[in-house]
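Below: one structure, written as structure tokens.
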Amino acid sequence: MAEKKNVSRRDFLKTSGIAAGALVGGGIIGGVIGANTRQDTAAPSGGSAGQSGGAEATEAVRGLQFFKNQTEFAVLQQATERIFPEDDLGPGAIGLGVPFFIDHQLAGSYGENSREYMQAPFAVGEATQGYQSRLKRNELFRQGLQKMQQEAQSRFEANFVDLEPEQMDEILTAFQDNEVEMQGATAQFFFRLLRQATLNGAYADPIYGGNQNMDAWRMKGFPGHRPSYINEIESEDFVEFDPHSVGDMLS
Amino acid sequence: MATTLDKVDVVTVGVGWTGGIIAAECTKEGLSVVGLERGQERSTADYSMVHDEYRYAIRYELMQDLSKETITFRNSRDQKALPMRQMGSFLLGEGLGGSGTHWNGQNWRFLPYDFEIKTMTEAKYGADKLPAEYTLQDWGITYDELEPYFDKFEKTAGISGEDKNPFWGKRSSDYPTPPMKKTPLLAKFETATSNLGYSPFMMPSANLSEAYENPDGQQIAACQYCGFCERFGCEYGAKTSPEITVVPTARETGNYDVRFNANVVEVMKEGDRVTGVRYMDTVTFEEFIQPAEVVVLTSYVLNNAKLLMVSEIGQMYDPETGEGSLGKNYAYQILPGASGFFDEQMNVFMGAGALGMTIDDFNGDSFDHADLDFIHGASLSMTQTGSRPIASNPLPPDTPSWGAEFKKASIENYTRTLSVGGQGASMPHRDNYLSLDDTYKDIYGVPLLQLTYNFTDQDRALHKYLTERAVEIMEEMGAKTVVGSSPLSDYDIVPYQTTHNTGGTIMGADPATSVVNNYLQHWDMENLFVVGAGNFAHNSGYNPTGTVGALAYRCAEGVIKYSQEGGSLV
């Protein structure tokens, strides 16, 4: 907090009129695509998600805010990895911290549906009428992950996390095609929620605990938070930027 | 027991564009105005963290808290309406500035054809062009009559544009600021549409091309093309919004008081006049009555209609008989278009909400409909609004929606995809309307508004024709793969489409078929005004805000005139 009187990045830009392109750096340590195995992204050199400025930034401590049962969390890890797998472009859901992102979201307003209309009476409507379940998202996730584990047992007599990738995909596809029975909501609805939550965690700003080291942005060519493109907007060529987190604004 | 407050000249319900414009104009004339806003105070300083797609665009940071209030929805009268439990198809705003804070800034004037659509359609194509269940009607005002108010709103907002569209109405003056930068991506669209014989022009924008001081002395900054407009507030004060223009203008007079956390639940009435409004403090749940000489409903389309219904002001529309006007002619928009996949990477993440080029060759009645089974059309645009990575995962046909192939294709195509999109006009239909729900309530105990809506044959025909045009443009732009929008099926409230809801409190020349006259003065209660996109008798092929702004200036003139002279203004 010693630097809290510093002029913010935006004020600096407004007063100096400096070209945005000159601001690359600012405490963000660039990662190298392809060098991010799961082990590497957990290393302190991987950058400082949500931290700004400090070269001595420490690695955040990881923990669970919502899940109590490690089996459920392990299923979540493997299921999200199948949806967004590690490949030659870069890390997958696990390497990006997506399961932690989802855990944290389920513990808060997303998981509690706290800004959504959850008053009775509940009725099954037409598909065009949208979500009508009385289940909150965090209840739906627990039930869905437990069902995935049950499917692994009934189909392959094994734990979900011990399945071959193709077997996991078979179960995920069964959810996607609504072939699994769930209570209070459909398997297809749960699958779509899981898929979207995985993308949210991969590509949200790293301040939320996913998109570790901003590697998903690097893969995609999205620069994250940049104050201005006024000097690049007319460029005929594609412009590559080192990404920035909105957390930089707190400097 | 409600506390009755001191009477004021004018009370507005909601403080966005319409409430702000009414307040600015009336306070300048010396009237005392109270603005009741259910949300919070906010200003440019509150938008410093907006470059956060997840919080603002995915989790709807600036939008209405649906746990307090939503609507119910069904496709048709034979279905049971159920609550819209999560936001989807359209995004309702909340807080100072309302939707004028989170808009893109695409600022249009509806076409001369729009205001006299019934007369002009019948004159050219005959009375049977559309079947009788399409409840088309004129607006009770012409483009020429509304032109000075369009001009005034554009000067307040500093709109950036160029008068190069051969199809729109005559302008009394040029745009206050020059058009936005024509980027290489927009130039692709310009070349392709010119090759096809169309007339492209830069989209009129409230993201300003240069710093501007408006006639009220308010400063608007120059757009930085940061790519975070729609669903976000502008951290530069460069996207014109009520809280940086009309609201400070009103406050500087000393005659304006905005009261926050004030959720209006009823318009009070006595005989043929309204006497004020009753509202709940959303923090303490205390009830207050704010008496006023004039009440102006300036909240969103849906809430304006709901307040009239729960206050039992006006005759409810009955789809069986076609009688009554309150809730009638709810309309929306349809979205024909095409996506194109290219080989080269493009700077799609840069942009601004209204950075675009448009053609109107297939909008309004600028093309002949004699051999077509629909009327009206769509503006066709290519915009560069700033693609963001959670929401933008473009996939060529037959790509799986998850897994290894999905990951590769969505990453590959994120910077290699462009779209041409149409805002398809929406014609009113007998079976599309607003009413009150008889089961579900908001947290104040007031019934929810009920929406009954589905796409029509007219919509499907328009969508198909305009999608074909969009595909041709994208092919001319040189995309290696072109995919047109899927044909319309039933309206689905889940996926985001557009926050261009219209109708329900329509304007017109006849009290039997409209809710307000052309000063937006209620036919039954002369000291009640209702203004917004709810006044649209149908929806055109453009964003609504420019026309809403013009109607608000027209309404403000009416309120001032009424305060001096009284009586019906028409």
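Ligands are numbered from 1 in the order shown, residues from 1 within each chain, and chains are lettered A, B, ... in the order they appear in the structure tokens.
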
Looking only at alpha helix (DSSP H) from DSSP on the backbone, list the matching residues of region 104-206 of chain A as a short mmCIF file (atom, residue, chain, number, x, y, z; two decimals) with C-alpha atoms, in the first residue's frame.
data_model
loop_
_atom_site.label_atom_id
_atom_site.label_comp_id
_atom_site.auth_asym_id
_atom_site.auth_seq_id
_atom_site.Cartn_x
_atom_site.Cartn_y
_atom_site.Cartn_z
CA HIS A 104 -15.00 -19.58 -5.80
CA GLN A 105 -17.89 -18.54 -8.01
CA LEU A 106 -20.13 -21.23 -6.55
CA SER A 109 -23.57 -14.63 -5.76
CA TYR A 110 -23.21 -16.76 -8.91
CA GLY A 111 -23.63 -19.99 -6.96
CA GLU A 112 -26.37 -18.56 -4.77
CA ARG A 137 -26.32 -23.19 -9.26
CA ASN A 138 -24.16 -24.51 -6.45
CA GLU A 139 -26.74 -27.21 -5.68
CA LEU A 140 -26.94 -28.09 -9.35
CA PHE A 141 -23.14 -28.38 -9.64
CA ARG A 142 -22.87 -30.73 -6.66
CA GLN A 143 -25.65 -32.94 -7.96
CA GLY A 144 -24.23 -32.92 -11.48
CA LEU A 145 -20.71 -33.85 -10.41
CA GLN A 146 -22.05 -36.61 -8.18
CA LYS A 147 -24.05 -37.92 -11.14
CA MET A 148 -20.90 -37.92 -13.27
CA GLN A 149 -19.17 -40.04 -10.66
CA GLN A 150 -22.19 -42.39 -10.55
CA GLU A 151 -22.16 -42.66 -14.33
CA ALA A 152 -18.47 -43.60 -14.21
CA GLN A 153 -19.27 -46.31 -11.72
CA SER A 154 -22.28 -47.69 -13.59
CA ARG A 155 -20.72 -47.56 -17.03
CA PHE A 156 -17.09 -48.42 -16.29
CA PRO A 165 -10.25 -39.40 -21.73
CA GLU A 166 -12.60 -41.02 -24.25
CA GLN A 167 -14.65 -42.51 -21.42
CA MET A 168 -14.93 -39.13 -19.74
CA ASP A 169 -16.06 -37.65 -23.04
CA GLU A 170 -18.70 -40.35 -23.37
CA ILE A 171 -20.17 -39.34 -20.03
CA LEU A 172 -20.00 -35.63 -20.81
CA THR A 173 -21.71 -36.30 -24.13
CA ALA A 174 -24.46 -38.21 -22.34
CA PHE A 175 -25.07 -35.12 -20.21
CA GLN A 176 -24.97 -32.87 -23.24
CA ALA A 187 -28.56 -32.96 -17.46
CA GLN A 188 -28.35 -30.84 -20.59
CA PHE A 189 -28.91 -27.68 -18.59
CA PHE A 190 -26.16 -28.70 -16.18
CA PHE A 191 -23.79 -29.50 -19.04
CA ARG A 192 -24.33 -26.09 -20.63
CA LEU A 193 -23.75 -24.43 -17.29
CA LEU A 194 -20.53 -26.40 -16.78
CA ARG A 195 -19.29 -25.59 -20.27
CA GLN A 196 -20.00 -21.88 -19.87
CA ALA A 197 -18.45 -21.79 -16.39
CA THR A 198 -15.32 -23.39 -17.85
CA LEU A 199 -15.04 -20.72 -20.53
CA ASN A 200 -15.74 -18.02 -17.94
CA GLY A 201 -12.88 -19.31 -15.81
CA ALA A 202 -10.49 -19.69 -18.71
CA TYR A 203 -11.02 -16.21 -20.10
#

#### Entry: Non-local contacts of Ser489 (chain B) (10 Å; only C-alpha atoms; under 4 positions in same chain excluded) as number ranges by chain
B: 454-456, 460

Selection to disk with N, CA and C atoms, as a short mmCIF file (atom, residue, chain, number, x, y, z; two decimals), in the first residue's frame:
data_model
loop_
_atom_site.label_atom_id
_atom_site.label_comp_id
_atom_site.auth_asym_id
_atom_site.auth_seq_id
_atom_site.Cartn_x
_atom_site.Cartn_y
_atom_site.Cartn_z
N ASN B 454 -44.25 -13.58 -29.61
CA ASN B 454 -43.58 -14.53 -30.49
C ASN B 454 -43.28 -13.86 -31.83
N PHE B 455 -42.34 -14.45 -32.54
CA PHE B 455 -42.06 -13.94 -33.87
C PHE B 455 -43.23 -14.26 -34.80
N THR B 456 -43.35 -13.46 -35.85
CA THR B 456 -44.49 -13.59 -36.77
C THR B 456 -44.01 -14.01 -38.16
N ARG B 460 -40.34 -13.64 -40.02
CA ARG B 460 -39.59 -14.73 -40.66
C ARG B 460 -39.22 -14.37 -42.10
#

Can you check which parts of chain B lie within 6 Å of chain A? Per residue, the shortest pair of atoms and distance in Å to one decimal, counting only C-alpha atoms, sorted by chain and number, as a Markdown table.
| residue | atom | partner | partner_atom | distance |
| --- | --- | --- | --- | --- |
| B:His51 | CA | A:His225 | CA | 5.5 |
| B:Tyr54 | CA | A:Ala204 | CA | 5.4 |
| B:Asp65 | CA | A:Arg115 | CA | 5.0 |
| B:Leu66 | CA | A:Glu116 | CA | 4.6 |
| B:Ser67 | CA | A:Tyr117 | CA | 4.1 |
| B:Arg85 | CA | A:Tyr117 | CA | 4.5 |
| B:Gln86 | CA | A:Glu116 | CA | 5.5 |
| B:Thr183 | CA | A:Glu234 | CA | 4.9 |
| B:Pro184 | CA | A:Glu236 | CA | 6.0 |
| B:Gln224 | CA | A:Ser228 | CA | 4.9 |
| B:Tyr225 | CA | A:Tyr229 | CA | 5.4 |
| B:Cys226 | CA | A:Ser228 | CA | 4.7 |
| B:Gln345 | CA | A:Phe238 | CA | 5.9 |
| B:Met346 | CA | A:Phe238 | CA | 5.3 |
| B:Asn347 | CA | A:Phe238 | CA | 5.6 |
| B:Pro389 | CA | A:Tyr203 | CA | 6.0 |
| B:Ile390 | CA | A:Tyr203 | CA | 5.5 |
| B:Trp402 | CA | A:Ile83 | CA | 5.0 |
| B:Gly403 | CA | A:Ile83 | CA | 4.4 |
| B:Ala404 | CA | A:Pro85 | CA | 5.9 |
| B:Ile411 | CA | A:Lys220 | CA | 5.0 |
| B:Asp492 | CA | A:Thr128 | CA | 4.2 |
| B:Ile493 | CA | A:Thr128 | CA | 5.8 |
| B:Val494 | CA | A:Gly130 | CA | 5.5 |

Selection to disk with N, CA and C atoms, as a PDB file, in the first residue's frame:
ATOM      1  N   HIS B  51     -12.990  -2.552 -17.423  1.00  0.00           N
ATOM      2  CA  HIS B  51     -12.425  -3.468 -18.433  1.00  0.00           C
ATOM      3  C   HIS B  51     -12.372  -4.891 -17.882  1.00  0.00           C
ATOM      4  N   TYR B  54     -15.979 -10.394 -17.418  1.00  0.00           N
ATOM      5  CA  TYR B  54     -16.764 -11.313 -16.592  1.00  0.00           C
ATOM      6  C   TYR B  54     -17.756 -10.562 -15.705  1.00  0.00           C
ATOM      7  N   ASP B  65     -31.370  -5.899 -10.575  1.00  0.00           N
ATOM      8  CA  ASP B  65     -31.344  -7.050  -9.661  1.00  0.00           C
ATOM      9  C   ASP B  65     -32.687  -7.774  -9.782  1.00  0.00           C
ATOM     10  N   LEU B  66     -32.673  -8.901 -10.487  1.00  0.00           N
ATOM     11  CA  LEU B  66     -33.941  -9.598 -10.757  1.00  0.00           C
ATOM     12  C   LEU B  66     -34.529 -10.249  -9.515  1.00  0.00           C
ATOM     13  N   SER B  67     -33.745 -10.380  -8.449  1.00  0.00           N
ATOM     14  CA  SER B  67     -34.323 -10.969  -7.241  1.00  0.00           C
ATOM     15  C   SER B  67     -35.407 -10.048  -6.684  1.00  0.00           C
ATOM     16  N   ARG B  85     -36.347 -15.680 -14.807  1.00  0.00           N
ATOM     17  CA  ARG B  85     -35.588 -15.787 -13.551  1.00  0.00           C
ATOM     18  C   ARG B  85     -34.163 -15.281 -13.699  1.00  0.00           C
ATOM     19  N   GLN B  86     -33.634 -15.379 -14.912  1.00  0.00           N
ATOM     20  CA  GLN B  86     -32.291 -14.876 -15.177  1.00  0.00           C
ATOM     21  C   GLN B  86     -32.363 -13.948 -16.387  1.00  0.00           C
ATOM     22  N   THR B 183     -11.781   2.418 -39.842  1.00  0.00           N
ATOM     23  CA  THR B 183     -10.711   1.443 -39.652  1.00  0.00           C
ATOM     24  C   THR B 183     -10.588   0.531 -40.880  1.00  0.00           C
ATOM     25  N   PRO B 184      -9.484  -0.192 -40.987  1.00  0.00           N
ATOM     26  CA  PRO B 184      -9.332  -1.110 -42.131  1.00  0.00           C
ATOM     27  C   PRO B 184     -10.469  -2.136 -42.212  1.00  0.00           C
ATOM     28  N   GLN B 224     -11.507   6.562 -26.903  1.00  0.00           N
ATOM     29  CA  GLN B 224     -10.169   5.953 -26.960  1.00  0.00           C
ATOM     30  C   GLN B 224     -10.176   4.582 -27.659  1.00  0.00           C
ATOM     31  N   TYR B 225     -11.340   4.152 -28.159  1.00  0.00           N
ATOM     32  CA  TYR B 225     -11.434   2.884 -28.894  1.00  0.00           C
ATOM     33  C   TYR B 225     -10.967   1.689 -28.057  1.00  0.00           C
ATOM     34  N   CYS B 226     -11.292   1.707 -26.772  1.00  0.00           N
ATOM     35  CA  CYS B 226     -10.797   0.675 -25.848  1.00  0.00           C
ATOM     36  C   CYS B 226     -11.552  -0.644 -25.986  1.00  0.00           C
ATOM     37  N   GLN B 345      -5.361 -12.589 -39.392  1.00  0.00           N
ATOM     38  CA  GLN B 345      -5.750 -12.091 -38.073  1.00  0.00           C
ATOM     39  C   GLN B 345      -6.102 -10.614 -38.168  1.00  0.00           C
ATOM     40  N   MET B 346      -7.135 -10.215 -37.409  1.00  0.00           N
ATOM     41  CA  MET B 346      -7.589  -8.820 -37.455  1.00  0.00           C
ATOM     42  C   MET B 346      -7.731  -8.280 -36.034  1.00  0.00           C
ATOM     43  N   ASN B 347      -7.682  -6.954 -35.917  1.00  0.00           N
ATOM     44  CA  ASN B 347      -7.701  -6.323 -34.592  1.00  0.00           C
ATOM     45  C   ASN B 347      -9.130  -6.205 -34.055  1.00  0.00           C
ATOM     46  N   PRO B 389     -13.110 -12.281 -25.063  1.00  0.00           N
ATOM     47  CA  PRO B 389     -12.830 -13.718 -25.218  1.00  0.00           C
ATOM     48  C   PRO B 389     -13.840 -14.670 -24.591  1.00  0.00           C
ATOM     49  N   ILE B 390     -14.581 -14.253 -23.547  1.00  0.00           N
ATOM     50  CA  ILE B 390     -15.552 -15.203 -22.990  1.00  0.00           C
ATOM     51  C   ILE B 390     -16.712 -15.363 -23.964  1.00  0.00           C
ATOM     52  N   TRP B 402     -17.233 -28.153 -27.571  1.00  0.00           N
ATOM     53  CA  TRP B 402     -16.293 -28.293 -26.452  1.00  0.00           C
ATOM     54  C   TRP B 402     -15.226 -29.308 -26.834  1.00  0.00           C
ATOM     55  N   GLY B 403     -14.157 -29.346 -26.044  1.00  0.00           N
ATOM     56  CA  GLY B 403     -13.095 -30.322 -26.304  1.00  0.00           C
ATOM     57  C   GLY B 403     -11.972 -29.742 -27.166  1.00  0.00           C
ATOM     58  N   ALA B 404     -11.063 -30.623 -27.569  1.00  0.00           N
ATOM     59  CA  ALA B 404      -9.833 -30.200 -28.236  1.00  0.00           C
ATOM     60  C   ALA B 404     -10.105 -29.421 -29.528  1.00  0.00           C
ATOM     61  N   ILE B 411     -10.067 -20.479 -30.719  1.00  0.00           N
ATOM     62  CA  ILE B 411      -8.893 -19.606 -30.581  1.00  0.00           C
ATOM     63  C   ILE B 411      -8.443 -19.102 -31.956  1.00  0.00           C
ATOM     64  N   ASP B 492     -37.199 -16.945 -28.020  1.00  0.00           N
ATOM     65  CA  ASP B 492     -36.657 -17.619 -26.848  1.00  0.00           C
ATOM     66  C   ASP B 492     -36.057 -16.545 -25.945  1.00  0.00           C
ATOM     67  N   ILE B 493     -36.481 -16.492 -24.697  1.00  0.00           N
ATOM     68  CA  ILE B 493     -36.060 -15.408 -23.811  1.00  0.00           C
ATOM     69  C   ILE B 493     -34.671 -15.655 -23.201  1.00  0.00           C
ATOM     70  N   VAL B 494     -34.046 -16.796 -23.531  1.00  0.00           N
ATOM     71  CA  VAL B 494     -32.761 -17.139 -22.904  1.00  0.00           C
ATOM     72  C   VAL B 494     -31.545 -16.460 -23.558  1.00  0.00           C
TER      73      VAL B 494
END

Per DSSP on the backbone, what are the strand (DSSP E) residues of region 72-247 of chain B, as a compact mmCIF listing (two decimals) with N, CA and C atoms, in the first residue's frame?
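So the final result, stored in states_6.txt, reads:
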# COMPACT_ATOMS: atom_id res chain seq x y z
N THR B 72 -42.82 -11.73 -16.27
CA THR B 72 -43.11 -13.10 -16.67
C THR B 72 -43.29 -13.12 -18.18
N PHE B 73 -43.14 -14.32 -18.74
CA PHE B 73 -43.12 -14.43 -20.20
C PHE B 73 -43.77 -15.73 -20.66
N ARG B 74 -44.42 -15.63 -21.82
CA ARG B 74 -44.92 -16.81 -22.54
C ARG B 74 -44.93 -16.44 -24.01
N LEU B 82 -44.29 -17.67 -17.15
CA LEU B 82 -43.39 -17.98 -16.03
C LEU B 82 -42.34 -16.86 -15.91
N PRO B 83 -41.79 -16.71 -14.71
CA PRO B 83 -40.87 -15.59 -14.52
C PRO B 83 -39.60 -15.72 -15.36
N PHE B 201 -22.14 4.30 -45.18
CA PHE B 201 -21.79 5.54 -44.48
C PHE B 201 -21.41 5.18 -43.05
N MET B 202 -20.70 6.10 -42.38
CA MET B 202 -20.28 5.86 -41.01
C MET B 202 -21.47 5.97 -40.06
N TYR B 212 -15.88 17.51 -26.97
CA TYR B 212 -17.02 18.33 -27.38
C TYR B 212 -17.63 18.98 -26.16
N GLU B 213 -18.03 20.23 -26.30
CA GLU B 213 -18.82 20.89 -25.26
C GLU B 213 -20.22 21.08 -25.79
N GLN B 219 -19.09 18.83 -20.80
CA GLN B 219 -17.94 18.36 -21.58
C GLN B 219 -18.04 16.85 -21.81
N ILE B 220 -17.80 16.43 -23.04
CA ILE B 220 -17.73 15.01 -23.38
C ILE B 220 -16.35 14.77 -24.00

### Task
Identify, on the basis of only C-alpha atoms, every residue whose closest approach to region 145-156 of chain B does not exceed 8 Å; exclude the query and any residue fewer than 5 positions from it along the same chain; express the result as a PyMOL selection string.
chain B and resi 109+171-173+175-176+214-216+245-246+546-547+549-551+553-554

Let me see the file: selected residues, C-alpha atoms, as an mmCIF file, in the first residue's frame.
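Below is the file part33.cif, written as the result:
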data_model
loop_
_atom_site.group_PDB
_atom_site.id
_atom_site.type_symbol
_atom_site.label_atom_id
_atom_site.label_comp_id
_atom_site.auth_asym_id
_atom_site.auth_seq_id
_atom_site.Cartn_x
_atom_site.Cartn_y
_atom_site.Cartn_z
ATOM 1 C CA ARG B 109 -33.278 8.872 -36.198
ATOM 2 C CA ARG B 171 -31.423 17.093 -41.499
ATOM 3 C CA SER B 172 -31.594 20.748 -40.434
ATOM 4 C CA SER B 173 -27.893 20.715 -39.539
ATOM 5 C CA TYR B 175 -23.665 16.244 -37.011
ATOM 6 C CA PRO B 176 -22.032 18.140 -34.136
ATOM 7 C CA ASN B 214 -22.584 20.669 -25.615
ATOM 8 C CA PRO B 215 -24.983 23.663 -25.666
ATOM 9 C CA ASP B 216 -25.576 23.208 -21.921
ATOM 10 C CA THR B 245 -24.793 15.621 -19.643
ATOM 11 C CA VAL B 246 -28.440 16.258 -18.787
ATOM 12 C CA GLY B 546 -31.966 8.699 -30.884
ATOM 13 C CA THR B 547 -35.731 8.568 -31.320
ATOM 14 C CA GLY B 549 -34.122 11.284 -27.003
ATOM 15 C CA ALA B 550 -36.157 13.265 -29.542
ATOM 16 C CA LEU B 551 -39.435 12.197 -27.930
ATOM 17 C CA TYR B 553 -37.303 16.734 -25.767
ATOM 18 C CA ARG B 554 -40.764 16.876 -27.313
#

### Spatial neighbours of Pro200 (chain B), 6 Å, only C-alpha atoms, chain gap at least 3 places, as a VMD selection string
chain B and resid 190 358 to 359

### Message
Restricting the calculation to only C-alpha atoms: of B:Pro319, B:Pro166, B:Gly567, B:Pro204, which residue gets closest to Asp361 (chain B)?
### Response
B:Pro166

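Shell of Gly30 (chain B) at 10 Å, with only C-alpha atoms counted and residues fewer than 2 places along the chain excluded, is Asp9, Glu25, Cys26, Thr27, Lys28, Ser32, Val33, Thr253, Gly254, Asn255, Tyr256 and Ile560 of chain B.
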
Store the residues picked out above, limited to C-alpha atoms, as a PDB file, in the first residue's frame.
ATOM      1  CA  ASP B   9     -43.766  20.973  -9.929  1.00  0.00           C
ATOM      2  CA  GLU B  25     -35.332  21.304 -19.691  1.00  0.00           C
ATOM      3  CA  CYS B  26     -37.886  21.858 -16.928  1.00  0.00           C
ATOM      4  CA  THR B  27     -35.383  23.073 -14.316  1.00  0.00           C
ATOM      5  CA  LYS B  28     -33.911  25.516 -16.841  1.00  0.00           C
ATOM      6  CA  SER B  32     -38.797  22.285  -9.416  1.00  0.00           C
ATOM      7  CA  VAL B  33     -38.121  18.681 -10.357  1.00  0.00           C
ATOM      8  CA  THR B 253     -29.889  25.005 -11.878  1.00  0.00           C
ATOM      9  CA  GLY B 254     -30.434  24.295  -8.180  1.00  0.00           C
ATOM     10  CA  ASN B 255     -33.983  23.181  -9.002  1.00  0.00           C
ATOM     11  CA  TYR B 256     -33.308  19.449  -9.202  1.00  0.00           C
ATOM     12  CA  ILE B 560     -43.375  23.167 -19.790  1.00  0.00           C
TER      13      ILE B 560
END

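Candidate residues B:Ala192, B:Leu434, B:Val13, B:Leu111 were compared for distance to Leu451 (chain B), and the nearest is B:Leu434, using only C-alpha atoms.
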